[in-house]
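Here is the structure we will look at, set down as structure tokens.
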Amino acid sequence: MIAYVKGTLTHKSATYVIIEAGGIGYHINISLNTYEQIPHTGICQLHTYFHVKEDIQMLYGFSDTDEKELFVHLISVSGIGPNTAQIMLSSLKANEIRQAIVEDNENLIKSVKGIGVKTAKRVILELKDKLSKGFDPTLNLPTSHNTYREEALKALLALGIAKPMAQKALNKLIKSKKPINSVESMIKEALKLL
């Protein structure tokens, strides 16, 4: 499996990019959320999912692991293929989809083009338990804060701080709405709250 592709971005459109790595141009399908997160030129890295079917092989790319994990969960649901999952991730942010599933918000899920009532119910039924583990609905964070939080939590654990204490400090920091612009600043501020 191809975990990620890193190279020179040679083409960028709303639905796919071409990244040249090692002399090979990789055609990678992306969501609109990923499109907004990546640069227009230069070096680019995307986390990828390699989808293989009888007659087709396609790469799907994601700007962060959170979006990739949600994509994998979505395509595990009967009736949701990679293209539908990509449309969902283009219509709503990963955190919004996760929150809608955890909170049984069927209307938000079926607001996505191509998702009907039955499919929305199936998505909630099959994914609610999986996605509710570790999900805090009071934290509706921008993607950068989710990524910062993950990295900061890893760093705090590496410093020997107990996971519940580290999570509590990070949650308190995020709820305080202090401006956080890097992982380092999040770690420093969280340490002050311990």
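Residues in the structure tokens are numbered from 1 in each chain, the chains being A, B, ... in the order shown, and ligands are numbered from 1 in the order shown.
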
Looking only at the backbone, which of the residues in region 21-182 of chain A does DSSP tag as strand (DSSP E), as JSON, numbers by chain? {"A": [21, 24, 25, 26, 27, 28, 29, 42, 43, 44, 45, 46, 47, 48, 49, 50, 51, 52, 53, 56, 57, 58, 59, 60, 61, 62]}

Could you pull out the alpha helix (DSSP H) residues of region 3-178 of chain A from DSSP and send them as a ChimeraX atom specification? /A:32-37,65-75,82-91,94-102,106-110,117-132,143-158,163-175

Please write the residues from the selection above to a file, keeping C-alpha atoms, as a PDB file, in the first residue's frame.
ATOM      1  CA  LEU A  32     -12.242  20.181  -1.976  1.00  0.00           C
ATOM      2  CA  ASN A  33     -11.084  20.345   1.653  1.00  0.00           C
ATOM      3  CA  THR A  34      -7.697  18.905   0.676  1.00  0.00           C
ATOM      4  CA  TYR A  35      -7.601  21.230  -2.350  1.00  0.00           C
ATOM      5  CA  GLU A  36      -7.874  24.227   0.003  1.00  0.00           C
ATOM      6  CA  GLN A  37      -5.130  22.922   2.318  1.00  0.00           C
ATOM      7  CA  THR A  65      -4.581  11.673   8.476  1.00  0.00           C
ATOM      8  CA  ASP A  66      -7.901  12.644  10.078  1.00  0.00           C
ATOM      9  CA  GLU A  67      -9.553  13.040   6.676  1.00  0.00           C
ATOM     10  CA  LYS A  68      -7.954   9.800   5.423  1.00  0.00           C
ATOM     11  CA  GLU A  69      -9.194   7.805   8.432  1.00  0.00           C
ATOM     12  CA  LEU A  70     -12.722   9.125   7.964  1.00  0.00           C
ATOM     13  CA  PHE A  71     -12.576   8.253   4.240  1.00  0.00           C
ATOM     14  CA  VAL A  72     -11.611   4.646   5.109  1.00  0.00           C
ATOM     15  CA  HIS A  73     -14.493   4.453   7.617  1.00  0.00           C
ATOM     16  CA  LEU A  74     -16.963   5.861   5.079  1.00  0.00           C
ATOM     17  CA  ILE A  75     -16.059   3.397   2.305  1.00  0.00           C
ATOM     18  CA  PRO A  82     -14.699   6.074  -2.882  1.00  0.00           C
ATOM     19  CA  ASN A  83     -16.384   8.618  -5.164  1.00  0.00           C
ATOM     20  CA  THR A  84     -19.311   9.125  -2.773  1.00  0.00           C
ATOM     21  CA  ALA A  85     -16.924   9.400   0.197  1.00  0.00           C
ATOM     22  CA  GLN A  86     -14.916  11.988  -1.752  1.00  0.00           C
ATOM     23  CA  ILE A  87     -18.103  13.973  -2.444  1.00  0.00           C
ATOM     24  CA  MET A  88     -18.976  13.842   1.266  1.00  0.00           C
ATOM     25  CA  LEU A  89     -15.516  15.123   2.212  1.00  0.00           C
ATOM     26  CA  SER A  90     -15.844  17.874  -0.401  1.00  0.00           C
ATOM     27  CA  SER A  91     -19.266  18.947   0.856  1.00  0.00           C
ATOM     28  CA  ALA A  94     -14.201  15.809   8.274  1.00  0.00           C
ATOM     29  CA  ASN A  95     -15.045  17.075  11.759  1.00  0.00           C
ATOM     30  CA  GLU A  96     -18.574  18.060  10.657  1.00  0.00           C
ATOM     31  CA  ILE A  97     -19.215  14.587   9.217  1.00  0.00           C
ATOM     32  CA  ARG A  98     -17.859  12.910  12.350  1.00  0.00           C
ATOM     33  CA  GLN A  99     -20.007  15.143  14.580  1.00  0.00           C
ATOM     34  CA  ALA A 100     -23.117  14.504  12.443  1.00  0.00           C
ATOM     35  CA  ILE A 101     -22.608  10.734  12.743  1.00  0.00           C
ATOM     36  CA  VAL A 102     -21.972  10.796  16.499  1.00  0.00           C
ATOM     37  CA  GLU A 106     -29.256  12.402   9.598  1.00  0.00           C
ATOM     38  CA  ASN A 107     -30.351  15.635   7.863  1.00  0.00           C
ATOM     39  CA  LEU A 108     -26.791  16.939   7.552  1.00  0.00           C
ATOM     40  CA  ILE A 109     -25.530  13.661   6.086  1.00  0.00           C
ATOM     41  CA  LYS A 110     -28.376  13.385   3.572  1.00  0.00           C
ATOM     42  CA  VAL A 117     -32.324   8.687   3.765  1.00  0.00           C
ATOM     43  CA  LYS A 118     -31.438   4.973   3.823  1.00  0.00           C
ATOM     44  CA  THR A 119     -27.741   5.595   3.197  1.00  0.00           C
ATOM     45  CA  ALA A 120     -27.605   8.351   5.835  1.00  0.00           C
ATOM     46  CA  LYS A 121     -29.189   5.999   8.394  1.00  0.00           C
ATOM     47  CA  ARG A 122     -26.764   3.209   7.435  1.00  0.00           C
ATOM     48  CA  VAL A 123     -23.746   5.539   7.812  1.00  0.00           C
ATOM     49  CA  ILE A 124     -24.886   6.532  11.323  1.00  0.00           C
ATOM     50  CA  LEU A 125     -25.740   2.964  12.326  1.00  0.00           C
ATOM     51  CA  GLU A 126     -22.450   1.448  11.122  1.00  0.00           C
ATOM     52  CA  LEU A 127     -20.040   4.229  12.158  1.00  0.00           C
ATOM     53  CA  LYS A 128     -21.459   5.828  15.309  1.00  0.00           C
ATOM     54  CA  ASP A 129     -19.745   3.459  17.759  1.00  0.00           C
ATOM     55  CA  LYS A 130     -16.435   3.549  15.864  1.00  0.00           C
ATOM     56  CA  LEU A 131     -16.303   7.330  15.616  1.00  0.00           C
ATOM     57  CA  SER A 132     -17.650   8.217  19.068  1.00  0.00           C
ATOM     58  CA  THR A 143      -8.419  21.061  11.059  1.00  0.00           C
ATOM     59  CA  SER A 144      -5.158  22.758  12.049  1.00  0.00           C
ATOM     60  CA  HIS A 145      -6.154  22.622  15.729  1.00  0.00           C
ATOM     61  CA  ASN A 146      -6.990  18.905  15.425  1.00  0.00           C
ATOM     62  CA  THR A 147      -3.551  18.261  13.935  1.00  0.00           C
ATOM     63  CA  TYR A 148      -1.844  20.458  16.544  1.00  0.00           C
ATOM     64  CA  ARG A 149      -3.761  18.683  19.300  1.00  0.00           C
ATOM     65  CA  GLU A 150      -2.663  15.222  18.111  1.00  0.00           C
ATOM     66  CA  GLU A 151       0.987  16.267  17.919  1.00  0.00           C
ATOM     67  CA  ALA A 152       0.867  18.115  21.244  1.00  0.00           C
ATOM     68  CA  LEU A 153      -0.726  15.102  22.937  1.00  0.00           C
ATOM     69  CA  LYS A 154       2.053  12.835  21.628  1.00  0.00           C
ATOM     70  CA  ALA A 155       4.687  15.268  22.904  1.00  0.00           C
ATOM     71  CA  LEU A 156       3.072  15.570  26.349  1.00  0.00           C
ATOM     72  CA  LEU A 157       2.867  11.775  26.650  1.00  0.00           C
ATOM     73  CA  ALA A 158       6.548  11.530  25.659  1.00  0.00           C
ATOM     74  CA  LYS A 163      -2.853  10.784  29.079  1.00  0.00           C
ATOM     75  CA  PRO A 164      -6.015  11.915  30.954  1.00  0.00           C
ATOM     76  CA  MET A 165      -4.173  14.930  32.417  1.00  0.00           C
ATOM     77  CA  ALA A 166      -2.683  15.842  29.023  1.00  0.00           C
ATOM     78  CA  GLN A 167      -6.068  15.549  27.279  1.00  0.00           C
ATOM     79  CA  LYS A 168      -7.770  17.632  29.962  1.00  0.00           C
ATOM     80  CA  ALA A 169      -5.145  20.397  29.656  1.00  0.00           C
ATOM     81  CA  LEU A 170      -5.393  20.436  25.844  1.00  0.00           C
ATOM     82  CA  ASN A 171      -9.206  20.520  25.916  1.00  0.00           C
ATOM     83  CA  LYS A 172      -9.164  23.371  28.443  1.00  0.00           C
ATOM     84  CA  LEU A 173      -6.671  25.278  26.289  1.00  0.00           C
ATOM     85  CA  ILE A 174      -8.736  24.867  23.124  1.00  0.00           C
ATOM     86  CA  LYS A 175     -11.960  25.894  24.872  1.00  0.00           C
TER      87      LYS A 175
END

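With CA of Gln45 (chain A) on one side and CA of Ser63 (chain A) on the other, the separation reads 7.5 Å.
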
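Residues with any atom within 6 Å of Leu59 (chain A), counting only C-alpha atoms and excluding same-chain neighbours fewer than 4 positions away, are Ile28, Tyr49 and Phe50 of chain A.
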
Store the residues of this selection in a file with C-alpha atoms, as a CSV table (one decimal), in the first residue's frame.
chain,number,residue,atom,x,y,z
A,28,ILE,CA,-4.3,11.5,-7.0
A,49,TYR,CA,-5.4,5.5,0.0
A,50,PHE,CA,-4.9,3.0,-2.8

Neighbouring residues of His47 (chain A) were defined as those with any atom within 6 Å, considering only C-alpha atoms; residues of the same chain fewer than 6 positions away were excluded. Please report them as a list in words. Ala3, Tyr4, Gly61 and Phe62 of chain A

Written file, previous selection with N, CA and C atoms, as a PDB file, in the first residue's frame:
ATOM      1  N   ALA A   3       1.396   4.691   1.443  1.00  0.00           N
ATOM      2  CA  ALA A   3       0.941   5.468   2.612  1.00  0.00           C
ATOM      3  C   ALA A   3       0.865   6.957   2.302  1.00  0.00           C
ATOM      4  N   TYR A   4       1.845   7.471   1.554  1.00  0.00           N
ATOM      5  CA  TYR A   4       1.814   8.879   1.167  1.00  0.00           C
ATOM      6  C   TYR A   4       2.670   9.077  -0.078  1.00  0.00           C
ATOM      7  N   GLY A  61      -6.026  11.097  -2.239  1.00  0.00           N
ATOM      8  CA  GLY A  61      -5.088  11.822  -1.390  1.00  0.00           C
ATOM      9  C   GLY A  61      -5.786  12.726  -0.389  1.00  0.00           C
ATOM     10  N   PHE A  62      -5.105  12.916   0.760  1.00  0.00           N
ATOM     11  CA  PHE A  62      -5.676  13.692   1.858  1.00  0.00           C
ATOM     12  C   PHE A  62      -4.593  14.553   2.480  1.00  0.00           C
TER      13      PHE A  62
END

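Coordinates place CA of Gly7 (chain A) at a distance of 9.5 Å from CA of Gly23 (chain A).
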
Please, what distance in Å, to one decimal, runs between CA of Gly25 (chain A) and CA of Leu9 (chain A)? 9.2 Å
